[in-house]
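Q: The structure that follows is given in the form of structure tokens.
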Amino acid sequence: MKHAQKTLTVRTPEGISFPLPIATPISRFLALAVDLAVIYGAMTMLTVVLALFGLISTDLAGAFWLLASFLLALGYPIVMEWFWRGQTLGKRLLRLQVMDEQGLRLQFSQIVIRNLLRAVDGLPLFYLFGGVSAFLSMRGQRLGDLAANTIVVFHPKIPELDFDEIRPAKYNSFRDHPHLVARLRQGVTPAETGIILQALLRRDRIAPEARPALFVRLRAHLERKVRFPPEVVEGLSDEQYVRNALDALLK
């Protein structure tokens, strides 16, 4: 029997709900395998370098290898998930992303907690504890995710044709202000970007009386993140404003 994929419904302060597919344990394991291969490759290179250093002091080289291996194994996922907004190389390849379970911006402390608890999730072998926890959890959370209040979601690939349909119909003046675009990207979470994208993709399915109000709320939400100069937004409809903002977010 085929089981329905678990989803997380994120609701914005504007009352907009958006379902996010939860990553399956299998996809997470494959992403982990890629990351372990990356770590193994880095450790192999480190071993070669330290072999030369060992000609001077074998004990010192051994101590440095143990320390560097520990920092690499722990630091790689923490650093990557922080700078890549919840993704490592493996997660990026599998289109997975770590998020706060409420759809809020992921905090550095959450990344540290979930990765520190990998040692527990990995017990007794082959991530048995973590795998069982993710399988039984309604949100697919391993023990580290439960402690850090995080989830791992899957981002389906959006067909290029659909993306072309939501591009701004004219030149996007937002791009003339890269510093404001950068602030917009910092202020808008991945979940919010997904909500905006889905609103534009499904705009023709929205009831005519509800569609204008939806884009009014989305525009107001974006304007609270950052305000573009009046001459830039003058004459833009609410939907066109949202289109321009999404185009800037995804570039």
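In the structure tokens, chains take letters A, B, ... by order of appearance, with residues numbered from 1 within each chain and ligands from 1 in the order shown.
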Find the residues around region 86-88 of chain A up to 10 Å (only C-alpha atoms counted), leave out those fewer than 5 positions away in its own chain, and share them as an MDAnalysis selection string.
A: chainID A and resid 31:32 34:35 76:81 93:100 105:108 111 150:153 190
Q: Take the residues from that selection and write them out as a PDB file, in the first residue's frame, keeping N, CA and C atoms.
A:
```
ATOM      1  N   ALA A  31      20.976  11.733   1.068  1.00  0.00           N
ATOM      2  CA  ALA A  31      21.695  12.995   1.238  1.00  0.00           C
ATOM      3  C   ALA A  31      22.832  12.832   2.244  1.00  0.00           C
ATOM      4  N   LEU A  32      22.570  12.084   3.310  1.00  0.00           N
ATOM      5  CA  LEU A  32      23.608  11.817   4.304  1.00  0.00           C
ATOM      6  C   LEU A  32      24.766  11.041   3.690  1.00  0.00           C
ATOM      7  N   VAL A  34      25.830  11.165   0.640  1.00  0.00           N
ATOM      8  CA  VAL A  34      26.642  12.108  -0.144  1.00  0.00           C
ATOM      9  C   VAL A  34      27.535  12.926   0.777  1.00  0.00           C
ATOM     10  N   ASP A  35      26.975  13.412   1.881  1.00  0.00           N
ATOM     11  CA  ASP A  35      27.757  14.231   2.815  1.00  0.00           C
ATOM     12  C   ASP A  35      28.882  13.427   3.463  1.00  0.00           C
ATOM     13  N   TYR A  76      31.449  20.442   9.266  1.00  0.00           N
ATOM     14  CA  TYR A  76      30.940  20.488   7.894  1.00  0.00           C
ATOM     15  C   TYR A  76      29.430  20.706   7.819  1.00  0.00           C
ATOM     16  N   PRO A  77      28.599  19.869   8.496  1.00  0.00           N
ATOM     17  CA  PRO A  77      27.152  20.098   8.374  1.00  0.00           C
ATOM     18  C   PRO A  77      26.700  21.404   9.011  1.00  0.00           C
ATOM     19  N   ILE A  78      27.348  21.812  10.098  1.00  0.00           N
ATOM     20  CA  ILE A  78      26.950  23.058  10.759  1.00  0.00           C
ATOM     21  C   ILE A  78      27.239  24.254   9.867  1.00  0.00           C
ATOM     22  N   VAL A  79      28.438  24.309   9.343  1.00  0.00           N
ATOM     23  CA  VAL A  79      28.830  25.443   8.494  1.00  0.00           C
ATOM     24  C   VAL A  79      27.999  25.482   7.214  1.00  0.00           C
ATOM     25  N   MET A  80      27.820  24.332   6.580  1.00  0.00           N
ATOM     26  CA  MET A  80      27.074  24.303   5.332  1.00  0.00           C
ATOM     27  C   MET A  80      25.606  24.664   5.539  1.00  0.00           C
ATOM     28  N   GLU A  81      24.991  24.112   6.594  1.00  0.00           N
ATOM     29  CA  GLU A  81      23.575  24.413   6.826  1.00  0.00           C
ATOM     30  C   GLU A  81      23.367  25.867   7.215  1.00  0.00           C
ATOM     31  N   LEU A  93      21.702  18.492  -3.491  1.00  0.00           N
ATOM     32  CA  LEU A  93      21.555  17.568  -4.613  1.00  0.00           C
ATOM     33  C   LEU A  93      20.214  16.844  -4.579  1.00  0.00           C
ATOM     34  N   LEU A  94      19.725  16.536  -3.376  1.00  0.00           N
ATOM     35  CA  LEU A  94      18.440  15.823  -3.221  1.00  0.00           C
ATOM     36  C   LEU A  94      17.258  16.772  -3.061  1.00  0.00           C
ATOM     37  N   ARG A  95      17.519  18.096  -3.160  1.00  0.00           N
ATOM     38  CA  ARG A  95      16.482  19.130  -3.054  1.00  0.00           C
ATOM     39  C   ARG A  95      15.814  19.123  -1.679  1.00  0.00           C
ATOM     40  N   LEU A  96      16.622  18.929  -0.649  1.00  0.00           N
ATOM     41  CA  LEU A  96      16.135  18.949   0.723  1.00  0.00           C
ATOM     42  C   LEU A  96      16.616  20.222   1.419  1.00  0.00           C
ATOM     43  N   GLN A  97      15.913  20.609   2.472  1.00  0.00           N
ATOM     44  CA  GLN A  97      16.306  21.800   3.220  1.00  0.00           C
ATOM     45  C   GLN A  97      15.812  21.705   4.658  1.00  0.00           C
ATOM     46  N   VAL A  98      16.693  22.044   5.597  1.00  0.00           N
ATOM     47  CA  VAL A  98      16.321  22.108   7.006  1.00  0.00           C
ATOM     48  C   VAL A  98      15.607  23.429   7.258  1.00  0.00           C
ATOM     49  N   MET A  99      14.489  23.364   7.996  1.00  0.00           N
ATOM     50  CA  MET A  99      13.719  24.565   8.309  1.00  0.00           C
ATOM     51  C   MET A  99      13.272  24.519   9.762  1.00  0.00           C
ATOM     52  N   ASP A 100      12.963  25.671  10.298  1.00  0.00           N
ATOM     53  CA  ASP A 100      12.277  25.735  11.579  1.00  0.00           C
ATOM     54  C   ASP A 100      10.894  25.116  11.394  1.00  0.00           C
ATOM     55  N   ARG A 105      12.635  31.747  10.404  1.00  0.00           N
ATOM     56  CA  ARG A 105      14.028  31.706   9.962  1.00  0.00           C
ATOM     57  C   ARG A 105      14.821  30.759  10.850  1.00  0.00           C
ATOM     58  N   LEU A 106      15.596  29.911  10.218  1.00  0.00           N
ATOM     59  CA  LEU A 106      16.412  28.937  10.933  1.00  0.00           C
ATOM     60  C   LEU A 106      17.501  29.647  11.725  1.00  0.00           C
ATOM     61  N   GLN A 107      17.629  29.304  13.005  1.00  0.00           N
ATOM     62  CA  GLN A 107      18.625  29.927  13.879  1.00  0.00           C
ATOM     63  C   GLN A 107      19.881  29.064  13.954  1.00  0.00           C
ATOM     64  N   PHE A 108      21.021  29.726  14.192  1.00  0.00           N
ATOM     65  CA  PHE A 108      22.288  29.011  14.285  1.00  0.00           C
ATOM     66  C   PHE A 108      22.257  27.997  15.425  1.00  0.00           C
ATOM     67  N   ILE A 111      20.731  24.748  14.336  1.00  0.00           N
ATOM     68  CA  ILE A 111      21.636  23.954  13.500  1.00  0.00           C
ATOM     69  C   ILE A 111      22.647  23.215  14.364  1.00  0.00           C
ATOM     70  N   THR A 150      13.227  21.513  14.405  1.00  0.00           N
ATOM     71  CA  THR A 150      13.455  21.666  12.980  1.00  0.00           C
ATOM     72  C   THR A 150      12.797  20.524  12.219  1.00  0.00           C
ATOM     73  N   ILE A 151      12.614  20.751  10.939  1.00  0.00           N
ATOM     74  CA  ILE A 151      12.121  19.722  10.030  1.00  0.00           C
ATOM     75  C   ILE A 151      12.982  19.766   8.773  1.00  0.00           C
ATOM     76  N   VAL A 152      12.908  18.712   7.977  1.00  0.00           N
ATOM     77  CA  VAL A 152      13.581  18.694   6.684  1.00  0.00           C
ATOM     78  C   VAL A 152      12.504  18.545   5.618  1.00  0.00           C
ATOM     79  N   VAL A 153      12.442  19.504   4.709  1.00  0.00           N
ATOM     80  CA  VAL A 153      11.405  19.495   3.675  1.00  0.00           C
ATOM     81  C   VAL A 153      12.022  19.205   2.317  1.00  0.00           C
ATOM     82  N   PRO A 190      12.558  30.930   3.198  1.00  0.00           N
ATOM     83  CA  PRO A 190      12.240  30.017   2.099  1.00  0.00           C
ATOM     84  C   PRO A 190      10.759  29.630   2.067  1.00  0.00           C
TER      85      PRO A 190
END
```
Q: Just the residues within 10 Å of region 120-131 of chain A, please, counting only C-alpha atoms, with nothing from its chain fewer than 3 positions along; format it as a PDB file with N, CA and C atoms, in the first residue's frame.
A:
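Now in part-v2.pdb:
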```pdb
ATOM      1  N   PRO A  25      12.522   9.493   4.900  1.00  0.00           N
ATOM      2  CA  PRO A  25      13.759   8.959   5.490  1.00  0.00           C
ATOM      3  C   PRO A  25      14.750   8.469   4.446  1.00  0.00           C
ATOM      4  N   ILE A  26      14.251   7.916   3.332  1.00  0.00           N
ATOM      5  CA  ILE A  26      15.156   7.411   2.295  1.00  0.00           C
ATOM      6  C   ILE A  26      15.917   8.560   1.641  1.00  0.00           C
ATOM      7  N   ARG A  28      16.567  11.431   2.905  1.00  0.00           N
ATOM      8  CA  ARG A  28      17.495  11.988   3.885  1.00  0.00           C
ATOM      9  C   ARG A  28      18.726  11.093   4.025  1.00  0.00           C
ATOM     10  N   PHE A  29      18.527   9.778   3.960  1.00  0.00           N
ATOM     11  CA  PHE A  29      19.665   8.861   4.063  1.00  0.00           C
ATOM     12  C   PHE A  29      20.586   9.009   2.853  1.00  0.00           C
ATOM     13  N   ARG A 114      20.834  20.229  16.372  1.00  0.00           N
ATOM     14  CA  ARG A 114      20.448  19.058  15.572  1.00  0.00           C
ATOM     15  C   ARG A 114      21.670  18.273  15.109  1.00  0.00           C
ATOM     16  N   ASN A 115      22.793  18.953  14.905  1.00  0.00           N
ATOM     17  CA  ASN A 115      23.988  18.248  14.458  1.00  0.00           C
ATOM     18  C   ASN A 115      24.763  17.636  15.614  1.00  0.00           C
ATOM     19  N   LEU A 116      24.711  18.244  16.792  1.00  0.00           N
ATOM     20  CA  LEU A 116      25.346  17.633  17.954  1.00  0.00           C
ATOM     21  C   LEU A 116      24.677  16.308  18.304  1.00  0.00           C
ATOM     22  N   LEU A 117      23.369  16.238  18.088  1.00  0.00           N
ATOM     23  CA  LEU A 117      22.627  15.026  18.437  1.00  0.00           C
ATOM     24  C   LEU A 117      22.681  13.946  17.361  1.00  0.00           C
ATOM     25  N   ALA A 134      12.342   9.259  12.682  1.00  0.00           N
ATOM     26  CA  ALA A 134      11.835   9.955  11.501  1.00  0.00           C
ATOM     27  C   ALA A 134      10.641   9.221  10.888  1.00  0.00           C
ATOM     28  N   PHE A 135      10.679   7.885  10.943  1.00  0.00           N
ATOM     29  CA  PHE A 135       9.585   7.091  10.369  1.00  0.00           C
ATOM     30  C   PHE A 135       8.300   7.229  11.189  1.00  0.00           C
ATOM     31  N   LEU A 136       8.447   7.277  12.511  1.00  0.00           N
ATOM     32  CA  LEU A 136       7.271   7.341  13.386  1.00  0.00           C
ATOM     33  C   LEU A 136       6.739   8.753  13.571  1.00  0.00           C
ATOM     34  N   SER A 137       7.605   9.750  13.428  1.00  0.00           N
ATOM     35  CA  SER A 137       7.192  11.131  13.659  1.00  0.00           C
ATOM     36  C   SER A 137       6.238  11.606  12.574  1.00  0.00           C
ATOM     37  N   GLY A 140       8.315  13.633  10.310  1.00  0.00           N
ATOM     38  CA  GLY A 140       9.554  13.039   9.831  1.00  0.00           C
ATOM     39  C   GLY A 140      10.792  13.525  10.564  1.00  0.00           C
ATOM     40  N   GLN A 141      10.670  13.787  11.858  1.00  0.00           N
ATOM     41  CA  GLN A 141      11.780  14.356  12.621  1.00  0.00           C
ATOM     42  C   GLN A 141      12.595  13.265  13.325  1.00  0.00           C
ATOM     43  N   ARG A 142      13.910  13.331  13.170  1.00  0.00           N
ATOM     44  CA  ARG A 142      14.776  12.485  13.981  1.00  0.00           C
ATOM     45  C   ARG A 142      14.933  13.152  15.342  1.00  0.00           C
ATOM     46  N   LEU A 143      15.676  12.507  16.244  1.00  0.00           N
ATOM     47  CA  LEU A 143      15.797  13.038  17.604  1.00  0.00           C
ATOM     48  C   LEU A 143      16.413  14.435  17.609  1.00  0.00           C
ATOM     49  N   GLY A 144      17.412  14.648  16.771  1.00  0.00           N
ATOM     50  CA  GLY A 144      18.030  15.970  16.691  1.00  0.00           C
ATOM     51  C   GLY A 144      17.058  17.038  16.238  1.00  0.00           C
ATOM     52  N   ASP A 145      16.159  16.683  15.298  1.00  0.00           N
ATOM     53  CA  ASP A 145      15.148  17.637  14.832  1.00  0.00           C
ATOM     54  C   ASP A 145      14.144  17.956  15.941  1.00  0.00           C
TER      55      ASP A 145
END
```
Q: Just the strand (DSSP E or B) stuff from region 7-246 of chain A, please, per backbone DSSP, written as a ChimeraX atom specification.
A: /A:7-11,17-22,96-100,150-154
Q: Keeping only C-alpha atoms, write the selected residues as a PDB file, in the first residue's frame.
A:
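Written output follows (again-v3.pdb):
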```pdb
ATOM      1  CA  THR A   7       3.372  17.514   4.699  1.00  0.00           C
ATOM      2  CA  LEU A   8       3.806  20.537   6.928  1.00  0.00           C
ATOM      3  CA  THR A   9       1.264  23.345   6.573  1.00  0.00           C
ATOM      4  CA  VAL A  10       2.807  26.749   7.186  1.00  0.00           C
ATOM      5  CA  ARG A  11       0.418  29.600   7.928  1.00  0.00           C
ATOM      6  CA  SER A  17      -1.560  28.550   4.253  1.00  0.00           C
ATOM      7  CA  PHE A  18       1.004  26.626   2.234  1.00  0.00           C
ATOM      8  CA  PRO A  19       1.806  22.868   2.395  1.00  0.00           C
ATOM      9  CA  LEU A  20       5.458  21.787   2.325  1.00  0.00           C
ATOM     10  CA  PRO A  21       6.321  18.132   1.560  1.00  0.00           C
ATOM     11  CA  ILE A  22       8.319  16.486   4.355  1.00  0.00           C
ATOM     12  CA  LEU A  96      16.135  18.949   0.723  1.00  0.00           C
ATOM     13  CA  GLN A  97      16.306  21.800   3.220  1.00  0.00           C
ATOM     14  CA  VAL A  98      16.321  22.108   7.006  1.00  0.00           C
ATOM     15  CA  MET A  99      13.719  24.565   8.309  1.00  0.00           C
ATOM     16  CA  ASP A 100      12.277  25.735  11.579  1.00  0.00           C
ATOM     17  CA  THR A 150      13.455  21.666  12.980  1.00  0.00           C
ATOM     18  CA  ILE A 151      12.121  19.722  10.030  1.00  0.00           C
ATOM     19  CA  VAL A 152      13.581  18.694   6.684  1.00  0.00           C
ATOM     20  CA  VAL A 153      11.405  19.495   3.675  1.00  0.00           C
ATOM     21  CA  PHE A 154      11.571  18.487   0.029  1.00  0.00           C
TER      22      PHE A 154
END
```
Q: Quote the spacing between CA of Leu250 (chain A) and CA of Leu197 (chain A) in Å to one decimal place.
A: 9.8 Å
Q: Would you give me, as an mmCIF file with N, CA and C atoms, in the first residue's frame, the residues in region 118-212 of chain A that DSSP reads as alpha helix (DSSP H)?
A:
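Final output, result-v8.cif:
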```cif
data_model
loop_
_atom_site.group_PDB
_atom_site.id
_atom_site.type_symbol
_atom_site.label_atom_id
_atom_site.label_comp_id
_atom_site.auth_asym_id
_atom_site.auth_seq_id
_atom_site.Cartn_x
_atom_site.Cartn_y
_atom_site.Cartn_z
ATOM 1 N N ARG A 118 23.452 14.181 16.303
ATOM 2 C CA ARG A 118 23.643 13.130 15.304
ATOM 3 C C ARG A 118 24.280 11.888 15.933
ATOM 4 N N ALA A 119 25.124 12.116 16.942
ATOM 5 C CA ALA A 119 25.790 10.984 17.612
ATOM 6 C C ALA A 119 24.763 10.056 18.248
ATOM 7 N N VAL A 120 23.688 10.635 18.783
ATOM 8 C CA VAL A 120 22.630 9.821 19.387
ATOM 9 C C VAL A 120 21.770 9.181 18.300
ATOM 10 N N ASP A 121 21.420 9.956 17.269
ATOM 11 C CA ASP A 121 20.599 9.419 16.181
ATOM 12 C C ASP A 121 21.294 8.271 15.460
ATOM 13 N N LEU A 128 19.992 4.018 13.311
ATOM 14 C CA LEU A 128 18.781 3.275 13.649
ATOM 15 C C LEU A 128 17.821 4.128 14.465
ATOM 16 N N PHE A 129 18.327 4.777 15.533
ATOM 17 C CA PHE A 129 17.457 5.610 16.356
ATOM 18 C C PHE A 129 16.844 6.740 15.533
ATOM 19 N N GLY A 130 17.694 7.416 14.763
ATOM 20 C CA GLY A 130 17.209 8.527 13.961
ATOM 21 C C GLY A 130 16.221 8.092 12.896
ATOM 22 N N GLY A 131 16.488 6.945 12.265
ATOM 23 C CA GLY A 131 15.594 6.459 11.227
ATOM 24 C C GLY A 131 14.236 6.061 11.761
ATOM 25 N N VAL A 132 14.227 5.366 12.906
ATOM 26 C CA VAL A 132 12.960 4.968 13.519
ATOM 27 C C VAL A 132 12.170 6.199 13.947
ATOM 28 N N SER A 133 12.876 7.175 14.529
ATOM 29 C CA SER A 133 12.210 8.406 14.965
ATOM 30 C C SER A 133 11.593 9.140 13.783
ATOM 31 N N ALA A 134 12.342 9.259 12.682
ATOM 32 C CA ALA A 134 11.835 9.955 11.501
ATOM 33 C C ALA A 134 10.641 9.221 10.888
ATOM 34 N N PHE A 135 10.679 7.885 10.943
ATOM 35 C CA PHE A 135 9.585 7.091 10.369
ATOM 36 C C PHE A 135 8.300 7.229 11.189
ATOM 37 N N LEU A 136 8.447 7.277 12.511
ATOM 38 C CA LEU A 136 7.271 7.341 13.386
ATOM 39 C C LEU A 136 6.739 8.753 13.571
ATOM 40 N N LEU A 143 15.676 12.507 16.244
ATOM 41 C CA LEU A 143 15.797 13.038 17.604
ATOM 42 C C LEU A 143 16.413 14.435 17.609
ATOM 43 N N GLY A 144 17.412 14.648 16.771
ATOM 44 C CA GLY A 144 18.030 15.970 16.691
ATOM 45 C C GLY A 144 17.058 17.038 16.238
ATOM 46 N N ASP A 145 16.159 16.683 15.298
ATOM 47 C CA ASP A 145 15.148 17.637 14.832
ATOM 48 C C ASP A 145 14.144 17.956 15.941
ATOM 49 N N LEU A 146 13.755 16.935 16.702
ATOM 50 C CA LEU A 146 12.805 17.152 17.792
ATOM 51 C C LEU A 146 13.386 18.097 18.833
ATOM 52 N N ALA A 147 14.684 17.921 19.141
ATOM 53 C CA ALA A 147 15.326 18.778 20.147
ATOM 54 C C ALA A 147 15.511 20.199 19.640
ATOM 55 N N ALA A 148 15.757 20.340 18.340
ATOM 56 C CA ALA A 148 16.042 21.667 17.775
ATOM 57 C C ALA A 148 14.811 22.339 17.181
ATOM 58 N N GLU A 160 10.040 24.584 -15.812
ATOM 59 C CA GLU A 160 10.490 25.867 -16.341
ATOM 60 C C GLU A 160 9.358 26.647 -16.991
ATOM 61 N N LEU A 161 8.435 25.936 -17.630
ATOM 62 C CA LEU A 161 7.324 26.613 -18.281
ATOM 63 C C LEU A 161 6.489 27.382 -17.277
ATOM 64 N N ASP A 162 6.209 26.771 -16.138
ATOM 65 C CA ASP A 162 5.432 27.462 -15.103
ATOM 66 C C ASP A 162 6.177 28.681 -14.586
ATOM 67 N N PHE A 163 7.492 28.562 -14.446
ATOM 68 C CA PHE A 163 8.248 29.705 -13.942
ATOM 69 C C PHE A 163 8.222 30.855 -14.954
ATOM 70 N N ASP A 164 8.285 30.527 -16.226
ATOM 71 C CA ASP A 164 8.230 31.585 -17.236
ATOM 72 C C ASP A 164 6.909 32.339 -17.179
ATOM 73 N N GLU A 165 5.860 31.625 -16.821
ATOM 74 C CA GLU A 165 4.549 32.255 -16.775
ATOM 75 C C GLU A 165 4.418 33.313 -15.688
ATOM 76 N N PRO A 178 20.172 46.835 -5.958
ATOM 77 C CA PRO A 178 20.657 45.549 -5.440
ATOM 78 C C PRO A 178 20.764 45.500 -3.923
ATOM 79 N N HIS A 179 21.022 46.646 -3.279
ATOM 80 C CA HIS A 179 21.121 46.635 -1.810
ATOM 81 C C HIS A 179 19.765 46.357 -1.180
ATOM 82 N N LEU A 180 18.696 46.854 -1.803
ATOM 83 C CA LEU A 180 17.356 46.577 -1.281
ATOM 84 C C LEU A 180 16.937 45.140 -1.592
ATOM 85 N N VAL A 181 17.334 44.651 -2.748
ATOM 86 C CA VAL A 181 17.055 43.246 -3.094
ATOM 87 C C VAL A 181 17.752 42.320 -2.108
ATOM 88 N N ALA A 182 18.999 42.658 -1.743
ATOM 89 C CA ALA A 182 19.736 41.841 -0.774
ATOM 90 C C ALA A 182 19.026 41.823 0.572
ATOM 91 N N ARG A 183 18.511 42.962 0.999
ATOM 92 C CA ARG A 183 17.759 43.024 2.260
ATOM 93 C C ARG A 183 16.474 42.215 2.162
ATOM 94 N N LEU A 184 15.845 42.242 0.997
ATOM 95 C CA LEU A 184 14.617 41.468 0.803
ATOM 96 C C LEU A 184 14.909 39.979 0.919
ATOM 97 N N ARG A 185 16.000 39.528 0.319
ATOM 98 C CA ARG A 185 16.361 38.114 0.390
ATOM 99 C C ARG A 185 16.687 37.689 1.813
ATOM 100 N N GLN A 186 17.295 38.583 2.574
ATOM 101 C CA GLN A 186 17.612 38.262 3.963
ATOM 102 C C GLN A 186 16.358 38.201 4.824
ATOM 103 N N GLY A 187 15.368 39.004 4.488
ATOM 104 C CA GLY A 187 14.174 39.089 5.329
ATOM 105 C C GLY A 187 13.092 38.086 5.012
ATOM 106 N N PRO A 190 12.558 30.930 3.198
ATOM 107 C CA PRO A 190 12.240 30.017 2.099
ATOM 108 C C PRO A 190 10.759 29.630 2.067
ATOM 109 N N ALA A 191 10.164 29.470 3.233
ATOM 110 C CA ALA A 191 8.741 29.117 3.277
ATOM 111 C C ALA A 191 7.884 30.243 2.695
ATOM 112 N N GLU A 192 8.240 31.478 3.014
ATOM 113 C CA GLU A 192 7.489 32.619 2.478
ATOM 114 C C GLU A 192 7.662 32.728 0.969
ATOM 115 N N THR A 193 8.882 32.476 0.495
ATOM 116 C CA THR A 193 9.118 32.489 -0.947
ATOM 117 C C THR A 193 8.254 31.437 -1.631
ATOM 118 N N GLY A 194 8.160 30.259 -1.019
ATOM 119 C CA GLY A 194 7.325 29.204 -1.579
ATOM 120 C C GLY A 194 5.857 29.594 -1.620
ATOM 121 N N ILE A 195 5.393 30.281 -0.600
ATOM 122 C CA ILE A 195 3.997 30.736 -0.552
ATOM 123 C C ILE A 195 3.721 31.717 -1.685
ATOM 124 N N ILE A 196 4.641 32.656 -1.886
ATOM 125 C CA ILE A 196 4.482 33.645 -2.952
ATOM 126 C C ILE A 196 4.471 32.959 -4.307
ATOM 127 N N LEU A 197 5.382 32.004 -4.487
ATOM 128 C CA LEU A 197 5.457 31.281 -5.748
ATOM 129 C C LEU A 197 4.164 30.535 -6.036
ATOM 130 N N GLN A 198 3.643 29.832 -5.037
ATOM 131 C CA GLN A 198 2.419 29.070 -5.227
ATOM 132 C C GLN A 198 1.222 29.981 -5.489
ATOM 133 N N ALA A 199 1.210 31.139 -4.845
ATOM 134 C CA ALA A 199 0.113 32.089 -5.075
ATOM 135 C C ALA A 199 0.089 32.549 -6.529
ATOM 136 N N LEU A 200 1.273 32.787 -7.102
ATOM 137 C CA LEU A 200 1.341 33.223 -8.496
ATOM 138 C C LEU A 200 1.036 32.075 -9.458
ATOM 139 N N LEU A 201 1.545 30.889 -9.149
ATOM 140 C CA LEU A 201 1.290 29.747 -10.022
ATOM 141 C C LEU A 201 -0.186 29.370 -10.061
ATOM 142 N N ARG A 211 -8.861 36.992 -5.179
ATOM 143 C CA ARG A 211 -7.526 37.178 -5.757
ATOM 144 C C ARG A 211 -6.928 38.543 -5.444
ATOM 145 N N PRO A 212 -7.651 39.655 -5.635
ATOM 146 C CA PRO A 212 -7.051 40.960 -5.310
ATOM 147 C C PRO A 212 -6.648 41.075 -3.848
#
```
Q: To one decimal place, how far is CA of Ile113 (chain A) from CA of Leu72 (chain A) in Å?
A: 16.4 Å
